[in-house]
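Dropping model-v3.csv in here (CSV, C-alpha atoms):
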chain,number,residue,atom,x,y,z
J,2,MET,CA,10.8,10.0,37.8
J,3,GLU,CA,10.1,7.7,40.6
J,4,SER,CA,7.7,8.7,43.2
J,5,ILE,CA,8.3,7.9,46.9
J,6,PRO,CA,5.4,6.0,48.3
J,7,SER,CA,3.6,8.0,50.9
J,8,SER,CA,3.5,5.0,53.3
J,9,GLY,CA,7.4,5.1,53.5
J,10,ILE,CA,7.3,8.7,54.8
J,11,SER,CA,4.7,8.0,57.3
J,12,ASN,CA,6.5,4.9,58.5
J,13,ASP,CA,9.7,7.0,59.1
J,14,GLN,CA,7.7,9.7,60.9
J,15,ALA,CA,6.0,7.1,63.0
J,16,SER,CA,9.3,5.5,64.0
J,17,ILE,CA,10.9,8.9,64.8
J,18,LYS,CA,7.8,9.7,67.0
J,19,LYS,CA,8.1,6.4,68.8
J,20,LEU,CA,11.9,6.9,69.4
J,21,ASN,CA,11.2,10.4,70.7
J,22,HIS,CA,8.5,9.1,73.0
J,23,ASN,CA,10.7,6.3,74.3
J,24,ALA,CA,13.5,8.7,75.0
J,25,SER,CA,11.1,11.1,76.9
J,26,GLU,CA,9.7,8.2,78.9
J,27,ARG,CA,13.2,7.0,79.8
J,28,ASP,CA,14.2,10.5,81.0
J,29,ARG,CA,11.0,10.8,83.0
J,30,ARG,CA,11.7,7.4,84.7
J,31,LYS,CA,15.3,8.5,85.5
J,32,LYS,CA,14.0,11.7,87.1
J,33,LEU,CA,11.5,9.8,89.2
J,34,ASN,CA,14.1,7.2,90.3
J,35,SER,CA,16.4,10.1,91.3
J,36,ILE,CA,13.6,11.7,93.3
J,37,TYR,CA,12.8,8.4,95.1
J,38,ALA,CA,16.5,7.9,95.7
J,39,SER,CA,16.7,11.3,97.4
J,40,LEU,CA,13.7,10.5,99.5
J,41,ARG,CA,15.1,7.2,100.5
J,42,ALA,CA,18.4,8.9,101.6
J,43,THR,CA,16.5,11.2,104.0
J,44,LEU,CA,14.7,8.4,105.8
J,45,PRO,CA,16.4,7.2,108.9
J,46,GLY,CA,17.3,3.5,109.6
J,47,ILE,CA,17.5,2.5,105.9
J,48,ASP,CA,20.4,0.5,104.6
J,49,GLN,CA,21.6,2.6,101.7
J,50,THR,CA,23.3,-0.3,100.0
J,51,ARG,CA,20.0,-2.0,99.5
J,52,GLN,CA,17.4,-0.2,97.4
J,53,LEU,CA,13.8,-0.1,98.7
J,54,SER,CA,11.0,-0.4,96.2
J,55,ILE,CA,9.0,2.7,95.4
J,56,PRO,CA,5.9,1.6,97.4
J,57,ALA,CA,8.1,0.7,100.4
J,58,THR,CA,9.9,4.1,100.2
J,59,ILE,CA,6.5,5.9,100.1
J,60,SER,CA,5.2,3.8,103.0
J,61,ARG,CA,8.3,4.6,105.1
J,62,ALA,CA,8.0,8.3,104.3
J,63,LEU,CA,4.3,8.4,105.2
J,64,LYS,CA,5.2,6.7,108.5
J,65,TYR,CA,8.2,9.0,109.2
J,66,ILE,CA,6.5,12.4,108.5
J,67,PRO,CA,4.0,12.1,111.4
J,68,GLU,CA,6.9,11.1,113.7
J,69,LEU,CA,8.8,14.3,112.7
J,70,GLN,CA,5.6,16.4,113.2
J,71,ASN,CA,5.2,14.8,116.6
J,72,GLN,CA,8.9,15.6,117.5
J,73,VAL,CA,8.4,19.2,116.3
J,74,GLU,CA,5.4,19.6,118.5
J,75,LYS,CA,7.2,18.1,121.5
J,76,LEU,CA,10.2,20.5,120.9
J,77,LYS,CA,7.8,23.5,120.6
J,78,GLN,CA,6.2,22.5,124.0
J,79,ARG,CA,9.6,21.9,125.6
J,80,LYS,CA,10.8,25.3,124.3
J,81,GLN,CA,7.7,26.9,125.8
J,82,GLU,CA,8.3,25.1,129.1
J,83,ILE,CA,11.9,26.3,129.2
J,84,LEU,CA,11.0,29.9,128.3
J,85,SER,CA,8.3,29.9,130.9
J,86,CYS,CA,10.7,28.6,133.5
J,87,VAL,CA,13.3,31.2,132.6
J,88,TYR,CA,10.8,34.1,132.7
J,89,LYS,CA,9.2,32.9,136.0
J,90,LYS,CA,12.7,32.6,137.5
J,91,GLY,CA,13.5,36.1,136.2
J,92,ASN,CA,10.4,37.5,137.8
J,93,ARG,CA,11.1,35.7,141.1
J,94,ASN,CA,14.7,36.9,141.4
J,95,GLY,CA,13.5,40.4,140.5
J,96,VAL,CA,14.6,42.8,137.8
J,97,ASP,CA,16.2,45.0,140.4
J,98,ASN,CA,19.3,42.8,140.4
J,99,GLN,CA,19.7,43.4,136.7
J,100,SER,CA,19.4,47.2,137.0
J,101,LYS,CA,22.3,47.1,139.6
J,102,GLY,CA,24.5,45.3,137.1
J,103,VAL,CA,24.1,41.8,138.6
J,104,VAL,CA,23.6,39.0,136.2
J,105,ARG,CA,21.2,36.3,137.4
J,106,LYS,CA,22.3,32.6,137.2
J,107,SER,CA,19.8,30.5,135.2
J,108,ILE,CA,19.2,26.9,136.1
J,109,PRO,CA,20.4,24.7,133.3
J,110,SER,CA,17.7,22.5,131.7
J,111,VAL,CA,18.3,19.4,129.5
J,112,SER,CA,15.9,17.5,127.3
J,113,VAL,CA,16.8,14.3,125.5
J,114,SER,CA,14.5,13.0,122.8
J,115,GLN,CA,15.0,9.6,121.1
J,116,VAL,CA,14.9,9.8,117.3
J,117,ASP,CA,15.5,6.1,116.9
J,118,GLU,CA,17.4,3.3,118.7
J,119,LYS,CA,20.8,4.9,117.7
J,120,GLN,CA,20.0,8.7,117.3
J,121,VAL,CA,19.1,11.3,119.9
J,122,MET,CA,18.2,15.0,119.9
J,123,ILE,CA,19.3,17.0,122.9
J,124,GLN,CA,18.1,20.5,123.9
J,125,ILE,CA,20.1,22.4,126.5
J,126,CYS,CA,19.1,25.7,128.1
J,127,ALA,CA,21.9,27.2,130.0
J,128,SER,CA,23.5,30.4,131.1
J,129,LYS,CA,25.6,32.3,128.6
J,130,ASN,CA,28.1,32.5,131.5
J,131,MET,CA,29.2,28.8,131.5
J,132,ARG,CA,32.8,28.5,132.5
J,133,ASN,CA,33.5,26.0,129.8
J,134,PRO,CA,32.0,26.2,126.3
J,135,ILE,CA,29.6,23.7,124.8
J,136,SER,CA,32.5,22.2,123.0
J,137,ASP,CA,33.7,20.6,126.3
J,138,ILE,CA,30.2,19.1,126.7
J,139,LEU,CA,30.5,17.8,123.1
J,140,LEU,CA,33.9,16.2,123.9
J,141,ASP,CA,32.3,14.5,127.0
J,142,LEU,CA,29.5,13.2,124.8
J,143,GLU,CA,32.0,11.8,122.3
J,144,GLU,CA,33.7,10.0,125.2
J,145,GLU,CA,30.3,8.5,126.0
J,146,GLY,CA,30.2,7.0,122.5
J,147,LEU,CA,28.1,9.6,120.6
J,148,GLU,CA,29.0,11.2,117.3
J,149,LEU,CA,27.7,14.7,116.4
J,150,PHE,CA,25.5,15.1,113.3
J,151,ASN,CA,24.4,18.7,113.8
J,152,VAL,CA,24.4,21.5,116.4
J,153,SER,CA,22.7,24.8,116.5
J,154,SER,CA,22.6,27.6,119.1
J,155,THR,CA,20.2,30.4,119.8
J,156,ALA,CA,20.6,33.2,122.3
J,157,SER,CA,17.7,34.8,124.2
J,158,SER,CA,17.4,38.5,124.8
J,159,GLY,CA,18.6,37.8,128.4
J,160,GLU,CA,21.5,35.7,129.6
J,161,VAL,CA,20.1,32.4,128.4
J,162,GLN,CA,21.6,30.3,125.6
J,163,PHE,CA,19.8,27.4,123.8
J,164,TYR,CA,21.6,24.5,122.2
J,165,ASN,CA,20.2,21.8,119.9
J,166,LEU,CA,22.3,18.8,119.3
J,167,HIS,CA,21.7,15.8,117.0
J,168,LEU,CA,23.9,12.9,117.9
J,169,GLN,CA,24.2,9.2,117.0
J,170,ALA,CA,25.6,6.3,119.0
J,171,LYS,CA,28.6,4.6,117.6
J,172,GLU,CA,28.1,1.2,116.1
J,173,ASN,CA,28.7,-0.9,119.2
J,174,GLN,CA,27.2,1.6,121.6
J,175,SER,CA,23.8,1.3,123.2
J,176,LEU,CA,21.9,4.4,124.5
J,177,ASN,CA,20.3,4.8,127.9
J,178,PHE,CA,18.4,8.0,127.4
J,179,GLU,CA,17.5,8.5,131.1
J,180,LEU,CA,21.1,8.1,132.2
J,181,LEU,CA,22.3,10.4,129.3
J,182,SER,CA,19.8,13.1,130.4
J,183,GLN,CA,21.1,12.9,134.0
J,184,LYS,CA,24.7,13.1,132.9
J,185,LEU,CA,24.1,16.0,130.6
J,186,LEU,CA,22.3,18.0,133.4
J,187,SER,CA,25.2,17.2,135.7
J,188,MET,CA,27.7,18.4,133.1
J,189,CYS,CA,25.8,21.6,132.5
J,190,GLU,CA,25.4,22.3,136.2
J,191,SER,CA,29.1,21.8,136.9
J,192,ARG,CA,29.9,24.3,134.2
J,193,GLU,CA,27.5,27.1,135.3
J,194,GLU,CA,29.3,30.2,136.4
J,195,LEU,CA,28.3,31.4,139.9
J,196,PHE,CA,27.5,35.2,140.3

Can you turn what I pasted into C-alpha coordinates?
Amino acid sequence: MESIPSSGISNDQASIKKLNHNASERDRRKKLNSIYASLRATLPGIDQTRQLSIPATISRALKYIPELQNQVEKLKQRKQEILSCVYKKGNRNGVDNQSKGVVRKSIPSVSVSQVDEKQVMIQICASKNMRNPISDILLDLEEEGLELFNVSSTASSGEVQFYNLHLQAKENQSLNFELLSQKLLSMCESREELF
(Lines of atoms letter the chains of each structure in order from A and count residues from 1; the text may use other names and numbers.)
(Lines give C-alpha, C1' and ligand atoms only; values in the text may rest on other atoms or scores of the structure.)
Protein backbone atom coordinates (compact mmCIF):
# COMPACT_ATOMS: atom_id res chain seq x y z
CA MET A 1 0.00 0.00 0.00
CA GLU A 2 1.37 3.35 -1.07
CA SER A 3 1.20 6.20 1.33
CA ILE A 4 0.35 9.70 0.12
CA PRO A 5 3.04 12.11 1.06
CA SER A 6 1.81 14.60 3.62
CA SER A 7 3.34 17.46 1.66
CA GLY A 8 0.90 16.75 -1.25
CA ILE A 9 -2.14 17.25 0.98
CA SER A 10 -0.84 20.44 2.50
CA ASN A 11 0.00 21.81 -0.97
CA ASP A 12 -3.58 21.14 -2.11
CA GLN A 13 -5.00 22.79 1.02
CA ALA A 14 -2.69 25.76 0.57
CA SER A 15 -3.73 26.28 -3.06
CA ILE A 16 -7.44 25.94 -2.15
CA LYS A 17 -6.95 28.50 0.63
CA LYS A 18 -5.19 30.84 -1.81
CA LEU A 19 -7.96 30.47 -4.40
CA ASN A 20 -10.61 31.18 -1.76
CA HIS A 21 -8.68 34.21 -0.55
CA ASN A 22 -8.30 35.51 -4.14
CA ALA A 23 -12.03 35.06 -4.78
CA SER A 24 -12.93 36.87 -1.54
CA GLU A 25 -10.57 39.73 -2.40
CA ARG A 26 -12.04 40.00 -5.91
CA ASP A 27 -15.58 40.19 -4.45
CA ARG A 28 -14.48 42.82 -1.93
CA ARG A 29 -12.95 44.98 -4.70
CA LYS A 30 -16.11 44.62 -6.85
CA LYS A 31 -18.27 45.80 -3.92
CA LEU A 32 -15.95 48.76 -3.24
CA ASN A 33 -15.91 49.74 -6.93
CA SER A 34 -19.72 49.55 -6.99
CA ILE A 35 -19.94 51.80 -3.93
CA TYR A 36 -17.53 54.33 -5.47
CA ALA A 37 -19.51 54.25 -8.73
CA SER A 38 -22.70 55.02 -6.77
CA LEU A 39 -20.96 57.90 -5.01
CA ARG A 40 -19.65 59.27 -8.34
CA ALA A 41 -23.19 59.13 -9.79
CA THR A 42 -24.52 61.39 -7.02
CA LEU A 43 -21.88 64.09 -7.50
CA PRO A 44 -22.97 66.96 -9.78
CA GLY A 45 -20.97 68.13 -12.76
CA ILE A 46 -19.19 64.82 -13.39
CA ASP A 47 -18.98 63.29 -16.83
CA GLN A 48 -20.43 59.80 -16.23
CA THR A 49 -18.78 58.41 -19.37
CA ARG A 50 -15.37 59.01 -17.80
CA GLN A 51 -14.53 57.24 -14.55
CA LEU A 52 -12.87 59.31 -11.84
CA SER A 53 -10.20 57.71 -9.73
CA ILE A 54 -11.12 56.74 -6.18
CA PRO A 55 -9.07 59.57 -4.60
CA ALA A 56 -10.61 62.10 -7.03
CA THR A 57 -14.11 60.79 -6.19
CA ILE A 58 -13.48 61.09 -2.44
CA SER A 59 -12.00 64.57 -2.91
CA ARG A 60 -15.07 65.70 -4.94
CA ALA A 61 -17.42 64.25 -2.32
CA LEU A 62 -15.55 65.98 0.53
CA LYS A 63 -15.89 69.26 -1.36
CA TYR A 64 -19.55 68.73 -2.26
CA ILE A 65 -20.85 67.73 1.19
CA PRO A 66 -20.06 71.12 2.82
CA GLU A 67 -21.70 72.85 -0.17
CA LEU A 68 -24.86 70.81 0.45
CA GLN A 69 -24.73 71.57 4.17
CA ASN A 70 -24.39 75.27 3.34
CA GLN A 71 -27.39 75.07 1.00
CA VAL A 72 -29.44 73.31 3.68
CA GLU A 73 -28.61 76.08 6.17
CA LYS A 74 -29.53 78.77 3.62
CA LEU A 75 -32.82 77.00 2.89
CA LYS A 76 -33.61 76.72 6.60
CA GLN A 77 -32.92 80.44 7.05
CA ARG A 78 -35.03 81.28 4.00
CA LYS A 79 -37.87 79.12 5.33
CA GLN A 80 -37.70 80.95 8.67
CA GLU A 81 -37.74 84.33 6.89
CA ILE A 82 -40.77 83.31 4.83
CA LEU A 83 -42.63 81.92 7.83
CA SER A 84 -41.79 85.02 9.85
CA CYS A 85 -43.04 87.23 7.02
CA VAL A 86 -46.25 85.20 6.70
CA TYR A 87 -46.94 85.27 10.45
CA LYS A 88 -46.16 88.99 10.73
CA LYS A 89 -48.46 89.72 7.81
CA GLY A 90 -51.17 87.60 9.41
CA ASN A 91 -50.88 89.56 12.65
CA ARG A 92 -50.92 92.91 10.82
CA ASN A 93 -54.05 92.03 8.84
CA GLY A 94 -55.71 90.74 11.98
CA VAL A 95 -57.29 87.45 12.73
CA ASP A 96 -60.69 89.14 12.79
CA ASN A 97 -60.90 88.84 9.01
CA GLN A 98 -60.42 85.07 9.26
CA SER A 99 -63.17 84.71 11.84
CA LYS A 100 -65.55 86.52 9.46
CA GLY A 101 -64.74 83.96 6.74
CA VAL A 102 -62.45 86.26 4.75
CA VAL A 103 -59.26 84.63 3.51
CA ARG A 104 -56.20 86.89 3.54
CA LYS A 105 -54.08 87.24 0.42
CA SER A 106 -50.46 86.34 1.11
CA ILE A 107 -47.71 88.07 -0.77
CA PRO A 108 -45.83 85.59 -2.98
CA SER A 109 -42.16 85.13 -2.20
CA VAL A 110 -39.53 83.56 -4.48
CA SER A 111 -36.00 82.42 -3.70
CA VAL A 112 -33.58 81.19 -6.37
CA SER A 113 -30.41 79.36 -5.29
CA GLN A 114 -27.68 78.35 -7.69
CA VAL A 115 -26.60 74.69 -7.35
CA ASP A 116 -24.01 74.92 -10.13
CA GLU A 117 -23.69 76.74 -13.47
CA LYS A 118 -26.60 74.77 -14.98
CA GLN A 119 -28.76 73.79 -11.97
CA VAL A 120 -31.01 75.88 -9.78
CA MET A 121 -33.19 75.36 -6.69
CA ILE A 122 -36.30 77.52 -6.48
CA GLN A 123 -38.48 78.03 -3.42
CA ILE A 124 -41.89 79.63 -3.87
CA CYS A 125 -44.18 80.70 -1.06
CA ALA A 126 -47.62 81.59 -2.39
CA SER A 127 -51.28 81.61 -1.55
CA LYS A 128 -53.18 78.35 -1.88
CA ASN A 129 -55.64 80.48 -3.86
CA MET A 130 -53.56 80.94 -7.01
CA ARG A 131 -55.81 81.19 -10.04
CA ASN A 132 -53.54 78.88 -12.05
CA PRO A 133 -51.72 75.91 -10.58
CA ILE A 134 -47.96 75.58 -10.20
CA SER A 135 -48.02 73.46 -13.36
CA ASP A 136 -48.54 76.67 -15.39
CA ILE A 137 -45.45 78.16 -13.78
CA LEU A 138 -43.53 74.97 -14.62
CA LEU A 139 -44.61 75.29 -18.25
CA ASP A 140 -43.36 78.90 -18.25
CA LEU A 141 -40.04 77.72 -16.81
CA GLU A 142 -39.74 75.07 -19.52
CA GLU A 143 -40.30 77.80 -22.11
CA GLU A 144 -37.41 79.66 -20.42
CA GLY A 145 -35.18 76.65 -21.20
CA LEU A 146 -35.29 74.84 -17.85
CA GLU A 147 -35.96 71.14 -17.30
CA LEU A 148 -37.56 69.91 -14.08
CA PHE A 149 -35.62 67.39 -11.95
CA ASN A 150 -37.78 67.35 -8.85
CA VAL A 151 -40.66 69.23 -7.26
CA SER A 152 -42.21 69.05 -3.81
CA SER A 153 -44.97 70.96 -2.11
CA THR A 154 -45.86 71.63 1.52
CA ALA A 155 -48.94 73.34 2.88
CA SER A 156 -48.94 75.44 6.02
CA SER A 157 -51.77 75.34 8.52
CA GLY A 158 -53.03 78.60 7.00
CA GLU A 159 -53.58 79.51 3.38
CA VAL A 160 -49.89 79.37 2.36
CA GLN A 161 -48.35 76.79 0.03
CA PHE A 162 -44.58 76.18 -0.26
CA TYR A 163 -43.03 74.75 -3.44
CA ASN A 164 -39.47 73.48 -3.89
CA LEU A 165 -38.30 73.08 -7.49
CA HIS A 166 -35.00 71.61 -8.71
CA LEU A 167 -34.36 72.56 -12.33
CA GLN A 168 -31.54 72.36 -14.86
CA ALA A 169 -30.84 74.55 -17.87
CA LYS A 170 -30.95 72.83 -21.24
CA GLU A 171 -27.58 72.26 -22.90
CA ASN A 172 -27.33 75.51 -24.87
CA GLN A 173 -29.08 77.69 -22.26
CA SER A 174 -27.32 80.01 -19.86
CA LEU A 175 -28.90 81.05 -16.57
CA ASN A 176 -29.30 84.58 -15.26
CA PHE A 177 -30.38 83.91 -11.67
CA GLU A 178 -31.37 87.50 -10.87
CA LEU A 179 -33.57 87.75 -13.96
CA LEU A 180 -35.05 84.31 -13.29
CA SER A 181 -35.96 85.32 -9.74
CA GLN A 182 -37.70 88.50 -10.97
CA LYS A 183 -39.63 86.59 -13.66
CA LEU A 184 -40.77 83.97 -11.17
CA LEU A 185 -41.98 86.58 -8.70
CA SER A 186 -43.87 88.29 -11.51
CA MET A 187 -45.41 84.96 -12.58
CA CYS A 188 -46.55 84.20 -9.03
CA GLU A 189 -47.95 87.70 -8.43
CA SER A 190 -49.93 87.57 -11.68
CA ARG A 191 -51.48 84.29 -10.56
CA GLU A 192 -52.47 85.33 -7.04
CA GLU A 193 -56.23 85.34 -6.48
CA LEU A 194 -57.54 88.60 -5.06
CA PHE A 195 -60.01 88.41 -2.19

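Nearest residue to Glu143 (chain J) among J:Gln72, J:Gln78, J:Gln174, J:Gln162 is J:Gln174, counting only C-alpha atoms.
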
Exercise for the section: May I have the residues within 9 Å of region 41-47 of chain J as a PyMOL selection string, using only C-alpha atoms and disregarding those fewer than 5 positions away in the same chain? Expected result: chain J and resi 36+52-53+58-59+61-62+65+116-117+119

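Distance annotation: of J:Leu33, J:Val152, J:Leu186, J:Leu76, the residue with the minimal separation from Ile55 (chain J) is J:Leu33; atom set is all atoms listed in the file.
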
Problem - Neighbours of point (16.9, 15.4, 124.5) within 9 Å, using all atoms listed in the file, written as a PyMOL selection string - result: chain J and resi 111-115+121-125+165-167+178+181-182
